[in-house]
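Below is one structure; the comments refer to it alone.
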Amino acid sequence: MAGLIKAWVHGWALSRGVGIPVAEPDGYRLDVGRPGHRVRYVLADAGSVESRARALTEPGTWLKVSASREEVAKTVPSSWEVGPPEYLMSAPVAVRPVMAAPEPYRAELVGDGVVTDVVVRAPDGSRAATGRVAIAGGTAVIDQVVTEPEHQRRGLGRFVMRRLDEVAVAAGAERAVLVATEEGRALYLKLGWTVDAEITAAHLPERELNKT
């Protein structure tokens, strides 16, 4: 589990253009530096959640914990907002036949070999679906897989995942990892992915700055 979390943290940092994660005794710190998301701590379990949440008071601070929502919600102070369940998932990278985009869509790859986007476009050129893969330490970290509402249920999510798999194979990755929402989990299970752990996010909203 520690290896999967490490790979996911480093791949997420590459995907989002964040600095190298800093190892902490209970996980990792990422200095994100964006409005509403200033810093993120990824914790390997719920053991240090209470002490972290009570010590961290800066709005825009996030905790991402390998634990159930119930464990996190009963531990953090009421000033923290706890998100819905998410899932750390993994799958072996497999060589499969090249898959064409469903008609009438077209697909393109954009990237530098470390971070690559699959972009699926509708006939009018608008983005219909996207996904990203970052290669971190030989692991393919999948991120930001989105199908626009008006293009859902047309096989685009499955197509994007297959193309990301192709990119991972070409990069020499042997395993892929991601963190999925409840909705995304259903798709990934159908594609052969395995749930390794429940993940819960909690954060201090920046609006707290205006309550002084």
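In the structure tokens, chains take the letters A, B, ... in the order shown, each chain's residues start at 1, and ligands count up from 1 in the order shown.
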What lies within 12 Å of A:Val76 using only C-alpha atoms, ignoring chain neighbours under 5 positions off, as a compact mmCIF listing (two decimals) with N, CA and C atoms, in the first residue's frame?
# COMPACT_ATOMS: atom_id res chain seq x y z
N ALA A 46 -5.27 6.75 9.33
CA ALA A 46 -5.98 7.73 10.14
C ALA A 46 -5.30 8.03 11.46
N GLY A 47 -4.16 7.41 11.74
CA GLY A 47 -3.53 7.53 13.05
C GLY A 47 -3.20 8.95 13.47
N SER A 48 -2.80 9.79 12.51
CA SER A 48 -2.38 11.15 12.86
C SER A 48 -3.38 12.22 12.42
N VAL A 49 -4.57 11.80 11.98
CA VAL A 49 -5.53 12.77 11.46
C VAL A 49 -5.92 13.80 12.53
N GLU A 50 -6.23 13.33 13.72
CA GLU A 50 -6.69 14.26 14.76
C GLU A 50 -5.63 15.29 15.09
N SER A 51 -4.40 14.85 15.31
CA SER A 51 -3.34 15.79 15.67
C SER A 51 -3.04 16.74 14.52
N ARG A 52 -3.05 16.24 13.31
CA ARG A 52 -2.82 17.10 12.14
C ARG A 52 -3.92 18.15 12.02
N ALA A 53 -5.18 17.71 12.10
CA ALA A 53 -6.30 18.62 11.89
C ALA A 53 -6.36 19.71 12.96
N ARG A 54 -5.94 19.39 14.18
CA ARG A 54 -5.97 20.38 15.25
C ARG A 54 -4.78 21.34 15.16
N ALA A 55 -3.68 20.87 14.60
CA ALA A 55 -2.50 21.72 14.48
C ALA A 55 -2.55 22.61 13.24
N LEU A 56 -3.25 22.17 12.20
CA LEU A 56 -3.30 22.90 10.94
C LEU A 56 -4.52 23.82 10.96
N THR A 57 -4.30 25.11 10.91
CA THR A 57 -5.40 26.08 11.03
C THR A 57 -5.51 27.02 9.84
N TRP A 62 -5.54 21.05 3.02
CA TRP A 62 -6.24 19.80 2.71
C TRP A 62 -5.52 18.62 3.35
N LEU A 63 -6.33 17.65 3.78
CA LEU A 63 -5.84 16.33 4.16
C LEU A 63 -6.43 15.31 3.21
N VAL A 65 -6.59 11.29 3.16
CA VAL A 65 -6.28 10.24 4.13
C VAL A 65 -6.67 8.87 3.60
N ARG A 69 -14.45 7.47 5.27
CA ARG A 69 -15.04 8.77 5.56
C ARG A 69 -15.48 8.84 7.02
N GLU A 70 -16.04 7.75 7.52
CA GLU A 70 -16.51 7.73 8.90
C GLU A 70 -15.36 7.97 9.88
N GLU A 71 -14.22 7.33 9.64
CA GLU A 71 -13.06 7.52 10.51
C GLU A 71 -12.61 8.97 10.53
N GLU A 81 -14.28 20.54 6.41
CA GLU A 81 -15.29 19.93 5.54
C GLU A 81 -14.77 18.59 5.04
N VAL A 82 -15.55 17.56 5.20
CA VAL A 82 -15.15 16.20 4.80
C VAL A 82 -15.87 15.82 3.52
N THR A 200 -10.23 9.51 1.81
CA THR A 200 -11.13 10.59 2.22
C THR A 200 -10.39 11.91 2.23
N ALA A 201 -11.01 12.92 1.66
CA ALA A 201 -10.44 14.27 1.67
C ALA A 201 -11.18 15.13 2.69
N ALA A 202 -10.43 15.97 3.38
CA ALA A 202 -11.02 16.96 4.28
C ALA A 202 -10.23 18.25 4.12
N HIS A 203 -10.91 19.38 4.24
CA HIS A 203 -10.19 20.64 4.06
C HIS A 203 -10.79 21.75 4.89
N LEU A 204 -9.99 22.79 5.10
CA LEU A 204 -10.42 24.02 5.75
C LEU A 204 -10.74 25.04 4.66
Nearby residues (only C-alpha atoms) at most 9 Å from stretch 178-183 of chain A, same-chain spacing under 4 positions excluded, as a PyMOL selection string:
chain A and resi 8+12+84-90+140-143+187-188+199
Who sits within 12 Å of A:Gly113, only C-alpha atoms, same chain under 4 positions skipped, as a PyMOL selection string:
chain A and resi 14-15+109+117+132-136+140+164+167-173
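Pairwise distance (atom CA of A:Arg121, atom CA of A:Glu108) equals 8.2 Å.
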Just asking: which residues within stretch 1-208 of chain A are strand (DSSP E or B) according to DSSP, as a short mmCIF file (atom, residue, chain, number, x, y, z; two decimals) with N, CA, C and O atoms, in the first residue's frame?
data_model
loop_
_atom_site.label_atom_id
_atom_site.label_comp_id
_atom_site.auth_asym_id
_atom_site.auth_seq_id
_atom_site.Cartn_x
_atom_site.Cartn_y
_atom_site.Cartn_z
N VAL A 22 7.09 16.38 -0.30
CA VAL A 22 8.02 16.34 0.83
C VAL A 22 7.59 15.23 1.77
O VAL A 22 6.43 15.19 2.22
N ALA A 23 8.48 14.29 2.05
CA ALA A 23 8.16 13.17 2.94
C ALA A 23 7.97 13.68 4.37
O ALA A 23 8.75 14.50 4.87
N GLU A 24 6.90 13.20 5.01
CA GLU A 24 6.61 13.50 6.41
C GLU A 24 6.55 12.17 7.16
O GLU A 24 6.41 11.11 6.55
N GLY A 27 3.30 10.58 6.10
CA GLY A 27 2.88 10.64 4.71
C GLY A 27 3.68 11.65 3.91
O GLY A 27 4.92 11.63 3.94
N TYR A 28 2.98 12.56 3.23
CA TYR A 28 3.64 13.53 2.35
C TYR A 28 2.96 14.88 2.46
O TYR A 28 1.76 14.99 2.71
N ARG A 29 3.74 15.94 2.20
CA ARG A 29 3.21 17.29 2.07
C ARG A 29 3.44 17.78 0.66
O ARG A 29 4.53 17.62 0.11
N LEU A 30 2.42 18.39 0.08
CA LEU A 30 2.54 18.99 -1.24
C LEU A 30 2.18 20.45 -1.14
O LEU A 30 1.07 20.80 -0.69
N ARG A 34 -2.40 27.16 -4.52
CA ARG A 34 -3.49 27.68 -5.36
C ARG A 34 -4.65 28.13 -4.48
O ARG A 34 -4.82 27.63 -3.37
N HIS A 37 -6.65 25.83 -2.20
CA HIS A 37 -5.85 24.59 -2.07
C HIS A 37 -4.39 24.98 -1.93
O HIS A 37 -3.60 24.81 -2.86
N VAL A 39 -2.07 23.97 0.55
CA VAL A 39 -1.16 22.87 0.89
C VAL A 39 -1.99 21.61 1.09
O VAL A 39 -3.13 21.66 1.54
N ARG A 40 -1.41 20.48 0.75
CA ARG A 40 -2.09 19.19 0.88
C ARG A 40 -1.17 18.23 1.63
O ARG A 40 0.01 18.12 1.32
N TYR A 41 -1.76 17.54 2.60
CA TYR A 41 -1.07 16.46 3.31
C TYR A 41 -1.75 15.16 2.93
O TYR A 41 -2.97 15.01 3.06
N VAL A 42 -0.97 14.20 2.46
CA VAL A 42 -1.47 12.87 2.15
C VAL A 42 -0.99 11.94 3.26
O VAL A 42 0.21 11.77 3.46
N LEU A 43 -1.95 11.35 3.98
CA LEU A 43 -1.63 10.55 5.15
C LEU A 43 -1.88 9.07 4.87
O LEU A 43 -2.92 8.70 4.30
N THR A 61 -6.03 24.49 3.56
CA THR A 61 -5.26 23.29 3.89
C THR A 61 -6.12 22.05 3.66
O THR A 61 -7.28 22.01 4.06
N TRP A 62 -5.54 21.05 3.02
CA TRP A 62 -6.24 19.80 2.71
C TRP A 62 -5.52 18.62 3.35
O TRP A 62 -4.29 18.58 3.43
N LEU A 63 -6.33 17.65 3.78
CA LEU A 63 -5.84 16.33 4.16
C LEU A 63 -6.43 15.31 3.21
O LEU A 63 -7.63 15.36 2.91
N LYS A 64 -5.62 14.42 2.73
CA LYS A 64 -6.08 13.31 1.90
C LYS A 64 -5.63 12.05 2.64
O LYS A 64 -4.43 11.79 2.74
N VAL A 65 -6.59 11.29 3.16
CA VAL A 65 -6.28 10.24 4.13
C VAL A 65 -6.67 8.87 3.60
O VAL A 65 -7.77 8.70 3.06
N GLU A 81 -14.28 20.54 6.41
CA GLU A 81 -15.29 19.93 5.54
C GLU A 81 -14.77 18.59 5.04
O GLU A 81 -13.65 18.53 4.51
N VAL A 82 -15.55 17.56 5.20
CA VAL A 82 -15.15 16.20 4.80
C VAL A 82 -15.87 15.82 3.52
O VAL A 82 -17.10 15.94 3.42
N GLU A 86 -13.72 8.33 -1.69
CA GLU A 86 -12.97 8.12 -2.93
C GLU A 86 -12.22 6.81 -2.77
O GLU A 86 -12.18 6.22 -1.69
N TYR A 87 -11.59 6.36 -3.85
CA TYR A 87 -11.01 5.02 -3.83
C TYR A 87 -9.65 5.00 -4.53
O TYR A 87 -9.54 5.43 -5.68
N LEU A 88 -8.63 4.52 -3.81
CA LEU A 88 -7.33 4.26 -4.42
C LEU A 88 -7.44 2.94 -5.16
O LEU A 88 -7.79 1.91 -4.57
N MET A 89 -7.18 2.98 -6.47
CA MET A 89 -7.34 1.80 -7.30
C MET A 89 -6.08 1.56 -8.12
O MET A 89 -5.33 2.50 -8.42
N SER A 90 -5.85 0.31 -8.49
CA SER A 90 -4.68 -0.02 -9.30
C SER A 90 -5.01 -1.13 -10.29
O SER A 90 -6.01 -1.84 -10.14
N ALA A 91 -4.16 -1.25 -11.29
CA ALA A 91 -4.34 -2.29 -12.31
C ALA A 91 -3.01 -2.51 -13.01
O ALA A 91 -2.20 -1.58 -13.15
N PRO A 92 -2.75 -3.74 -13.46
CA PRO A 92 -1.55 -3.94 -14.28
C PRO A 92 -1.72 -3.28 -15.64
O PRO A 92 -2.84 -3.20 -16.17
N ARG A 106 -12.80 12.31 -32.74
CA ARG A 106 -11.39 12.11 -33.07
C ARG A 106 -10.56 12.37 -31.81
O ARG A 106 -10.97 13.13 -30.92
N ALA A 107 -9.42 11.72 -31.73
CA ALA A 107 -8.59 11.82 -30.53
C ALA A 107 -7.19 12.30 -30.87
O ALA A 107 -6.69 12.07 -31.97
N GLU A 108 -6.57 12.96 -29.91
CA GLU A 108 -5.19 13.40 -30.08
C GLU A 108 -4.46 13.24 -28.76
O GLU A 108 -5.06 13.23 -27.68
N LEU A 109 -3.14 13.08 -28.84
CA LEU A 109 -2.28 13.02 -27.67
C LEU A 109 -1.48 14.31 -27.57
O LEU A 109 -0.94 14.79 -28.57
N VAL A 110 -1.42 14.86 -26.36
CA VAL A 110 -0.68 16.10 -26.13
C VAL A 110 0.18 15.88 -24.89
O VAL A 110 -0.32 15.52 -23.82
N GLY A 111 1.50 16.06 -25.03
CA GLY A 111 2.34 15.87 -23.86
C GLY A 111 3.80 15.74 -24.20
O GLY A 111 4.21 15.88 -25.35
N VAL A 115 4.16 13.64 -18.80
CA VAL A 115 2.73 13.90 -18.61
C VAL A 115 2.08 13.99 -19.98
O VAL A 115 2.52 14.78 -20.82
N THR A 116 1.07 13.16 -20.22
CA THR A 116 0.42 13.11 -21.53
C THR A 116 -1.09 13.17 -21.36
O THR A 116 -1.66 12.47 -20.52
N ASP A 117 -1.72 14.02 -22.17
CA ASP A 117 -3.19 14.12 -22.19
C ASP A 117 -3.74 13.40 -23.41
O ASP A 117 -3.21 13.51 -24.52
N VAL A 118 -4.84 12.67 -23.19
CA VAL A 118 -5.67 12.18 -24.28
C VAL A 118 -6.84 13.15 -24.39
O VAL A 118 -7.56 13.37 -23.41
N VAL A 119 -7.01 13.74 -25.55
CA VAL A 119 -8.09 14.69 -25.78
C VAL A 119 -8.99 14.16 -26.89
O VAL A 119 -8.52 13.90 -28.00
N VAL A 120 -10.26 13.97 -26.57
CA VAL A 120 -11.24 13.51 -27.55
C VAL A 120 -12.10 14.71 -27.94
O VAL A 120 -12.68 15.37 -27.06
N ARG A 121 -12.18 14.95 -29.23
CA ARG A 121 -12.93 16.11 -29.72
C ARG A 121 -14.17 15.69 -30.49
O ARG A 121 -14.16 14.71 -31.23
N ARG A 127 -14.09 19.92 -26.76
CA ARG A 127 -13.62 18.76 -26.00
C ARG A 127 -14.80 17.93 -25.51
O ARG A 127 -15.69 18.45 -24.83
N ALA A 128 -14.78 16.67 -25.86
CA ALA A 128 -15.84 15.76 -25.42
C ALA A 128 -15.41 14.94 -24.22
O ALA A 128 -16.21 14.61 -23.35
N ALA A 129 -14.13 14.58 -24.18
CA ALA A 129 -13.59 13.78 -23.07
C ALA A 129 -12.09 13.99 -23.01
O ALA A 129 -11.44 14.25 -24.03
N THR A 130 -11.54 13.87 -21.80
CA THR A 130 -10.10 14.03 -21.61
C THR A 130 -9.62 13.09 -20.51
O THR A 130 -10.40 12.60 -19.70
N GLY A 131 -8.33 12.86 -20.49
CA GLY A 131 -7.69 12.09 -19.43
C GLY A 131 -6.21 12.36 -19.48
O GLY A 131 -5.66 12.76 -20.52
N ARG A 132 -5.54 12.13 -18.36
CA ARG A 132 -4.11 12.43 -18.27
C ARG A 132 -3.39 11.29 -17.59
O ARG A 132 -3.93 10.65 -16.68
N VAL A 133 -2.17 11.03 -18.02
CA VAL A 133 -1.31 10.05 -17.36
C VAL A 133 0.05 10.68 -17.10
O VAL A 133 0.62 11.35 -17.98
N ALA A 134 0.54 10.50 -15.89
CA ALA A 134 1.88 10.94 -15.51
C ALA A 134 2.68 9.72 -15.11
O ALA A 134 2.19 8.86 -14.37
N ILE A 135 3.90 9.61 -15.58
CA ILE A 135 4.75 8.46 -15.29
C ILE A 135 5.68 8.83 -14.14
O ILE A 135 6.50 9.74 -14.25
N ALA A 136 5.51 8.13 -13.01
CA ALA A 136 6.30 8.42 -11.81
C ALA A 136 6.93 7.14 -11.30
O ALA A 136 6.24 6.23 -10.86
N THR A 139 5.53 3.87 -12.57
CA THR A 139 4.10 3.67 -12.39
C THR A 139 3.34 4.73 -13.18
O THR A 139 3.73 5.91 -13.20
N ALA A 140 2.27 4.32 -13.85
CA ALA A 140 1.42 5.26 -14.58
C ALA A 140 0.31 5.76 -13.65
O ALA A 140 -0.48 4.96 -13.14
N VAL A 141 0.29 7.05 -13.42
CA VAL A 141 -0.71 7.65 -12.53
C VAL A 141 -1.76 8.34 -13.40
O VAL A 141 -1.45 9.28 -14.13
N ILE A 142 -2.98 7.84 -13.33
CA ILE A 142 -4.08 8.35 -14.15
C ILE A 142 -4.77 9.47 -13.40
O ILE A 142 -5.04 9.37 -12.20
N ASP A 143 -5.10 10.56 -14.12
CA ASP A 143 -5.65 11.73 -13.46
C ASP A 143 -6.59 12.46 -14.41
O ASP A 143 -6.45 12.39 -15.64
N GLN A 144 -7.57 13.15 -13.83
CA GLN A 144 -8.44 14.08 -14.55
C GLN A 144 -9.14 13.44 -15.76
O GLN A 144 -9.15 14.01 -16.86
N VAL A 145 -9.70 12.28 -15.54
CA VAL A 145 -10.50 11.62 -16.59
C VAL A 145 -11.91 12.18 -16.52
O VAL A 145 -12.61 12.01 -15.51
N VAL A 146 -12.33 12.86 -17.58
CA VAL A 146 -13.63 13.54 -17.59
C VAL A 146 -14.30 13.34 -18.94
O VAL A 146 -13.67 13.50 -19.99
N THR A 147 -15.58 12.99 -18.92
CA THR A 147 -16.41 13.00 -20.11
C THR A 147 -17.49 14.06 -19.91
O THR A 147 -18.21 14.03 -18.91
N ARG A 175 2.48 -0.89 -13.97
CA ARG A 175 1.29 -0.80 -13.15
C ARG A 175 0.73 0.62 -13.21
O ARG A 175 1.47 1.58 -13.38
N ALA A 176 -0.59 0.72 -13.07
CA ALA A 176 -1.25 2.02 -13.07
C ALA A 176 -2.02 2.20 -11.77
O ALA A 176 -2.50 1.23 -11.18
N VAL A 177 -2.14 3.46 -11.35
CA VAL A 177 -2.84 3.76 -10.10
C VAL A 177 -3.63 5.06 -10.30
O VAL A 177 -3.25 5.92 -11.10
N LEU A 178 -4.73 5.18 -9.58
CA LEU A 178 -5.54 6.39 -9.62
C LEU A 178 -6.37 6.48 -8.35
O LEU A 178 -6.47 5.52 -7.59
N VAL A 179 -6.96 7.65 -8.14
CA VAL A 179 -7.96 7.81 -7.08
C VAL A 179 -9.27 8.18 -7.76
O VAL A 179 -9.34 9.16 -8.51
N ALA A 180 -10.29 7.36 -7.53
CA ALA A 180 -11.57 7.49 -8.23
C ALA A 180 -12.67 7.99 -7.32
O ALA A 180 -12.68 7.74 -6.12
N THR A 194 -8.71 -2.71 -9.50
CA THR A 194 -8.97 -3.23 -8.15
C THR A 194 -8.96 -2.08 -7.15
O THR A 194 -8.12 -1.19 -7.23
N VAL A 195 -9.91 -2.11 -6.21
CA VAL A 195 -9.92 -1.13 -5.12
C VAL A 195 -8.92 -1.57 -4.05
O VAL A 195 -9.03 -2.67 -3.51
N ASP A 196 -7.95 -0.72 -3.76
CA ASP A 196 -6.93 -1.03 -2.76
C ASP A 196 -7.20 -0.38 -1.41
O ASP A 196 -6.80 -0.91 -0.38
N ALA A 197 -7.85 0.77 -1.41
CA ALA A 197 -8.13 1.45 -0.14
C ALA A 197 -9.17 2.54 -0.37
O ALA A 197 -9.30 3.07 -1.47
N GLU A 198 -9.90 2.86 0.68
CA GLU A 198 -10.78 4.02 0.63
C GLU A 198 -9.96 5.25 0.97
O GLU A 198 -9.07 5.21 1.83
N ILE A 199 -10.26 6.35 0.28
CA ILE A 199 -9.55 7.61 0.48
C ILE A 199 -10.58 8.68 0.84
O ILE A 199 -11.65 8.74 0.25
N THR A 200 -10.23 9.51 1.81
CA THR A 200 -11.13 10.59 2.22
C THR A 200 -10.39 11.91 2.23
O THR A 200 -9.28 12.00 2.77
N ALA A 201 -11.01 12.92 1.66
CA ALA A 201 -10.44 14.27 1.67
C ALA A 201 -11.18 15.13 2.69
O ALA A 201 -12.40 15.03 2.84
N ALA A 202 -10.43 15.97 3.38
CA ALA A 202 -11.02 16.96 4.28
C ALA A 202 -10.23 18.25 4.12
O ALA A 202 -9.02 18.21 3.86
N HIS A 203 -10.91 19.38 4.24
CA HIS A 203 -10.19 20.64 4.06
C HIS A 203 -10.79 21.75 4.89
O HIS A 203 -11.96 21.68 5.33
#
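Atom pair atom CA of A:Val160 / atom CA of A:Ala7 has a distance of 21.0 Å (rounded to one decimal).
Between atom CA of A:Val9 and atom CA of A:Pro21 there is a distance of 7.2 Å.
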Using only C-alpha atoms, the best pick from A:Val32, A:Gly138, A:Val72, A:Glu206 as closest to A:Arg16 would be A:Val32
Which residues are close to A:Pro102, i.e. within 9 Å by only C-alpha atoms, leaving aside same-chain residues fewer than 4 positions away? Reply as an MDAnalysis selection string.
chainID A and resid 106 154:156 159
